[in-house]
Each structure stands twice: as structure tokens, then as C-alpha cells.
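Asker: Dropping a structure here in C-alpha cells format, bear with me for questions.
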Amino acid sequence: MISYSVENTGMPRIKKRLVERWIEAVLQERGYELGEVNYRFVDDTTMLKENQRYLGHDFYTDILTFENRPFGVSEKVIYGDIIISTDRVKENARNLKVSYQEELHRVLIHGMLHLCGLNDITPEEEKAMHLAEDKALQLLHTIQ
């Protein structure tokens, strides 16, 4: 199950059923299943506070991902909280010269991929993450 909430920003336009089918397909392809994930959309100010609170980082980011699988539940079932700054998504879309919707989808799946165990700290991990995002986005276009 996927839930959505907003704080200090508007709710992005998301085709919720389509996104859930897409995410479930991506997870299934990777050998996972969807448990419960909450997407929380916030503004930059809120994201900065969350970065400081949870990670001790004093900078803006587009996404924070937290795993919260209940004790005893298989590691192949995805549970988590994903915080997304809609301000960062808009700015990234502008800078990358892509639509807001495309960048939003990339960030939505980026968080799920983190919950599947992918990281993006080293250049090699970052490359693998981008490849996984691109593959997932291609899948989205076949579902639509």
C-alpha cells in the first residue's frame, strides 16, 4: 500500500493507481513486494529541517528515504517513509531540462530503489542507480 501526505506544499499531480501498479511491477522485477510506503511531500524549508534532524546535514536535497520494516517481516517486503521536496524536484527538472512529471517519477522510484538496497554514494553506485531509474521509467511508459 502506498499513502501520500503533504506538508507546507501542494500535492503533486500523481496518477496514484498507475504509480502503484508501476512501483509494484518494478519491485516484482527486482524480487521484492510492496508492504507499506508513505510518500511525504514537503517544501525546501521542511526538507532542510528533516536533513538536519535525521542526518545532521545542513543542505537541501530532493529526497530522504527511511526503511521501517516491522520486526519479523521478510527483507523482500518493502516498508518505508520517503520524504520528497517538491521545490527541489521543480528546480532539478528545470536544470535537467525535463518535465516536472518526469523528474517527479524519477524521484518517486529513486526512493523505492533505495528501499531495495541500492545506494548512490560512490560513482559506481550512482551509475547503477541511474541505470535502474532509467529501466524503471521505461517500464512506466509501457504501463501507461
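By convention in this document, the chains of the C-alpha cells carry letters A, B, ... by their order, each chain's residues are numbered from 1, and ligands are numbered from 1 in the order they are shown.
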So that I can check the surroundings of Ala93 (chain A), please list as a VMD selection string every protein, DNA and RNA residue that reaches within 12 Å of it, counting only C-alpha atoms and ignoring chain neighbours fewer than 3 positions away.

Answerer: chain A and resid 62 86 to 90 96 to 107

Asker: What's around Arg69 (chain A) at 9 Å? Count only C-alpha atoms, leave out sequence neighbours fewer than 4 positions away in its own chain, and write the answer as a ChimeraX atom specification.

Answerer: /A:35-36,73-75,77-80

Asker: Take the residues just selected and output them with C-alpha atoms as an mmCIF file, in the first residue's frame.

Answerer:
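again_28.cif, freshly written:
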```
data_model
loop_
_atom_site.group_PDB
_atom_site.id
_atom_site.type_symbol
_atom_site.label_atom_id
_atom_site.label_comp_id
_atom_site.auth_asym_id
_atom_site.auth_seq_id
_atom_site.Cartn_x
_atom_site.Cartn_y
_atom_site.Cartn_z
ATOM 1 C CA GLY A 35 4.384 -3.631 2.027
ATOM 2 C CA GLU A 36 3.619 -0.084 3.175
ATOM 3 C CA VAL A 73 8.826 -9.234 8.175
ATOM 4 C CA SER A 74 10.826 -10.557 5.238
ATOM 5 C CA GLU A 75 13.524 -8.288 3.820
ATOM 6 C CA VAL A 77 8.786 -6.818 1.592
ATOM 7 C CA ILE A 78 9.254 -3.062 1.256
ATOM 8 C CA TYR A 79 8.293 -0.765 4.120
ATOM 9 C CA GLY A 80 9.436 2.819 4.331
#
```

Asker: Extract, using only C-alpha atoms, all DNA, RNA and protein residues at most 8 Å from Glu133 (chain A), discarding same-chain residues fewer than 5 positions from it, and format them as a PyMOL selection string.

Answerer: chain A and resi 106+109-110+113

Asker: Create the file for the chosen residues now, containing N, CA, C and O atoms and written as a JSON list (two decimals), in the first residue's frame.

Answerer:
```json
[["chain", "number", "residue", "atom", "x", "y", "z"],
["A", 106, "ARG", "N", 11.02, 10.06, -11.50],
["A", 106, "ARG", "CA", 12.38, 9.59, -11.22],
["A", 106, "ARG", "C", 12.65, 9.59, -9.71],
["A", 106, "ARG", "O", 13.20, 8.64, -9.16],
["A", 109, "ILE", "N", 10.67, 6.75, -7.86],
["A", 109, "ILE", "CA", 11.26, 5.42, -7.97],
["A", 109, "ILE", "C", 12.64, 5.37, -7.31],
["A", 109, "ILE", "O", 13.05, 4.32, -6.81],
["A", 110, "HIS", "N", 13.33, 6.48, -7.28],
["A", 110, "HIS", "CA", 14.64, 6.55, -6.62],
["A", 110, "HIS", "C", 14.52, 6.11, -5.16],
["A", 110, "HIS", "O", 15.32, 5.30, -4.68],
["A", 113, "LEU", "N", 13.98, 2.39, -4.96],
["A", 113, "LEU", "CA", 15.21, 1.67, -5.24],
["A", 113, "LEU", "C", 16.14, 1.68, -4.03],
["A", 113, "LEU", "O", 16.83, 0.69, -3.75]]
```

Asker: Which residue gives the smallest distance to Glu50 (chain A) among A:Ile84, A:Leu108, A:Lys135, A:Glu20, with only C-alpha atoms counted?

Answerer: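 Once distances to Glu50 (chain A) are computed over only C-alpha atoms, the minimum belongs to A:Ile84.
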
Asker: Interatomic distance between CA of Tyr4 (chain A) and CA of Tyr39 (chain A)?

Answerer: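 If I compute the distance from CA of Tyr4 (chain A) to CA of Tyr39 (chain A), I get 4.8 Å.
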
Asker: Could you name the residues that touch Glu29 (chain A) at 12 Å or less, counting only C-alpha atoms, but leaving out those on the same chain fewer than 6 positions away, as a list of chain:residue names?

Answerer: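 Listing them by chain and then by number gives A:Trp22, A:Ile23, A:Lys76, A:Leu113, A:Cys116, A:Ala132, A:Lys135, A:Ala136, A:Leu139.
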
Asker: Can you spit out the residues from that selection as a PDB file, in the first residue's frame, using N, CA and C atoms?

Answerer:
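Output file result_25.pdb is given in full below:
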```
ATOM      1  N   TRP A  22       2.908   0.603 -11.297  1.00  0.00           N
ATOM      2  CA  TRP A  22       4.277   0.725 -11.794  1.00  0.00           C
ATOM      3  C   TRP A  22       5.278   0.317 -10.715  1.00  0.00           C
ATOM      4  N   ILE A  23       5.119   0.850  -9.527  1.00  0.00           N
ATOM      5  CA  ILE A  23       6.045   0.536  -8.443  1.00  0.00           C
ATOM      6  C   ILE A  23       6.003  -0.953  -8.117  1.00  0.00           C
ATOM      7  N   LYS A  76      12.330  -8.959   1.831  1.00  0.00           N
ATOM      8  CA  LYS A  76      11.844  -8.810   0.453  1.00  0.00           C
ATOM      9  C   LYS A  76      10.513  -8.053   0.388  1.00  0.00           C
ATOM     10  N   LEU A 113      13.977   2.395  -4.960  1.00  0.00           N
ATOM     11  CA  LEU A 113      15.215   1.670  -5.243  1.00  0.00           C
ATOM     12  C   LEU A 113      16.141   1.684  -4.029  1.00  0.00           C
ATOM     13  N   CYS A 116      15.093  -0.950  -1.855  1.00  0.00           N
ATOM     14  CA  CYS A 116      15.503  -2.257  -2.381  1.00  0.00           C
ATOM     15  C   CYS A 116      16.997  -2.515  -2.152  1.00  0.00           C
ATOM     16  N   ALA A 132      19.103   1.825 -13.055  1.00  0.00           N
ATOM     17  CA  ALA A 132      17.873   1.245 -12.501  1.00  0.00           C
ATOM     18  C   ALA A 132      16.701   2.214 -12.642  1.00  0.00           C
ATOM     19  N   LYS A 135      15.631   2.214 -16.348  1.00  0.00           N
ATOM     20  CA  LYS A 135      14.895   0.981 -16.658  1.00  0.00           C
ATOM     21  C   LYS A 135      13.473   1.054 -16.100  1.00  0.00           C
ATOM     22  N   ALA A 136      13.351   1.552 -14.883  1.00  0.00           N
ATOM     23  CA  ALA A 136      12.029   1.679 -14.262  1.00  0.00           C
ATOM     24  C   ALA A 136      11.159   2.677 -15.026  1.00  0.00           C
ATOM     25  N   LEU A 139       9.742   1.142 -18.042  1.00  0.00           N
ATOM     26  CA  LEU A 139       8.617   0.285 -17.672  1.00  0.00           C
ATOM     27  C   LEU A 139       7.347   1.099 -17.459  1.00  0.00           C
TER      28      LEU A 139
END
```

Asker: DSSP says strand (DSSP E or B) for which residues of chain A? Put them as a VMD selection string?

Answerer: chain A and resid 2 to 7 33 to 42 63 to 67 77 to 85

Asker: Write down as a PyMOL selection string the residues belonging to chain A that are assigned helix (DSSP H, G or I) by DSSP computed on the backbone.

Answerer: chain A and resi 16-29+44-55+86-96+100-115+123-143

Asker: Select, from A:Val26, A:Leu115, A:Asn51, A:Asn92, the residue with the minimum atom-to-atom distance to Phe66 (chain A), counting only C-alpha atoms.

Answerer: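 Under the stated criterion, the closest residue is A:Leu115.
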
Asker: Find the residue from A:Lys127, A:Arg40, A:Arg30, A:His114 that sits nearest to Pro12 (chain A); use only C-alpha atoms when measuring.

Answerer: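 Among the listed residues, A:Arg40 lies closest to Pro12 (chain A).
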
Asker: What's the separation between CA of Asn95 (chain A) and CA of Gln138 (chain A), in Å to one decimal place?

Answerer: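 Atom-to-atom, CA of Asn95 (chain A) and CA of Gln138 (chain A) are spaced 21.4 Å apart.
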
Asker: Can you work out which one of A:Gly56, A:Leu34, A:Asp44, A:Gly72 has the shortest atom-to-atom distance to Glu91 (chain A), counting only C-alpha atoms?

Answerer: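 The shortest atom-to-atom distance to Glu91 (chain A) comes from A:Asp44.
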
Asker: Considering only C-alpha atoms, return as a PyMOL selection string whatever protein or nucleic-acid residues lie within 6 Å of Thr65 (chain A), sequence-local ones (same chain, fewer than 5 positions apart) excluded.

Answerer: chain A and resi 81-82+111

Asker: Take the selection from the previous step and output its residues with all heavy atoms, as a PDB file, in the first residue's frame.

Answerer:
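Ended up saving to selection-v2.pdb:
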```pdb
ATOM      1  N   ASP A  81       9.416   5.168   4.614  1.00  0.00           N
ATOM      2  CA  ASP A  81       8.934   6.542   4.525  1.00  0.00           C
ATOM      3  C   ASP A  81       9.873   7.283   3.590  1.00  0.00           C
ATOM      4  O   ASP A  81      11.098   7.206   3.754  1.00  0.00           O
ATOM      5  CB  ASP A  81       8.928   7.215   5.901  1.00  0.00           C
ATOM      6  CG  ASP A  81       7.890   6.598   6.816  1.00  0.00           C
ATOM      7  OD1 ASP A  81       6.697   6.702   6.494  1.00  0.00           O
ATOM      8  OD2 ASP A  81       8.284   6.017   7.844  1.00  0.00           O
ATOM      9  N   ILE A  82       9.297   7.983   2.634  1.00  0.00           N
ATOM     10  CA  ILE A  82      10.076   8.713   1.650  1.00  0.00           C
ATOM     11  C   ILE A  82       9.614  10.169   1.679  1.00  0.00           C
ATOM     12  O   ILE A  82       8.436  10.443   1.464  1.00  0.00           O
ATOM     13  CB  ILE A  82       9.908   8.109   0.242  1.00  0.00           C
ATOM     14  CG1 ILE A  82      10.394   6.648   0.231  1.00  0.00           C
ATOM     15  CG2 ILE A  82      10.653   8.947  -0.794  1.00  0.00           C
ATOM     16  CD1 ILE A  82      10.088   5.895  -1.043  1.00  0.00           C
ATOM     17  N   GLY A 111      13.505   6.618  -4.475  1.00  0.00           N
ATOM     18  CA  GLY A 111      13.293   6.224  -3.083  1.00  0.00           C
ATOM     19  C   GLY A 111      13.003   4.743  -2.941  1.00  0.00           C
ATOM     20  O   GLY A 111      13.531   4.079  -2.030  1.00  0.00           O
TER      21      GLY A 111
END
```
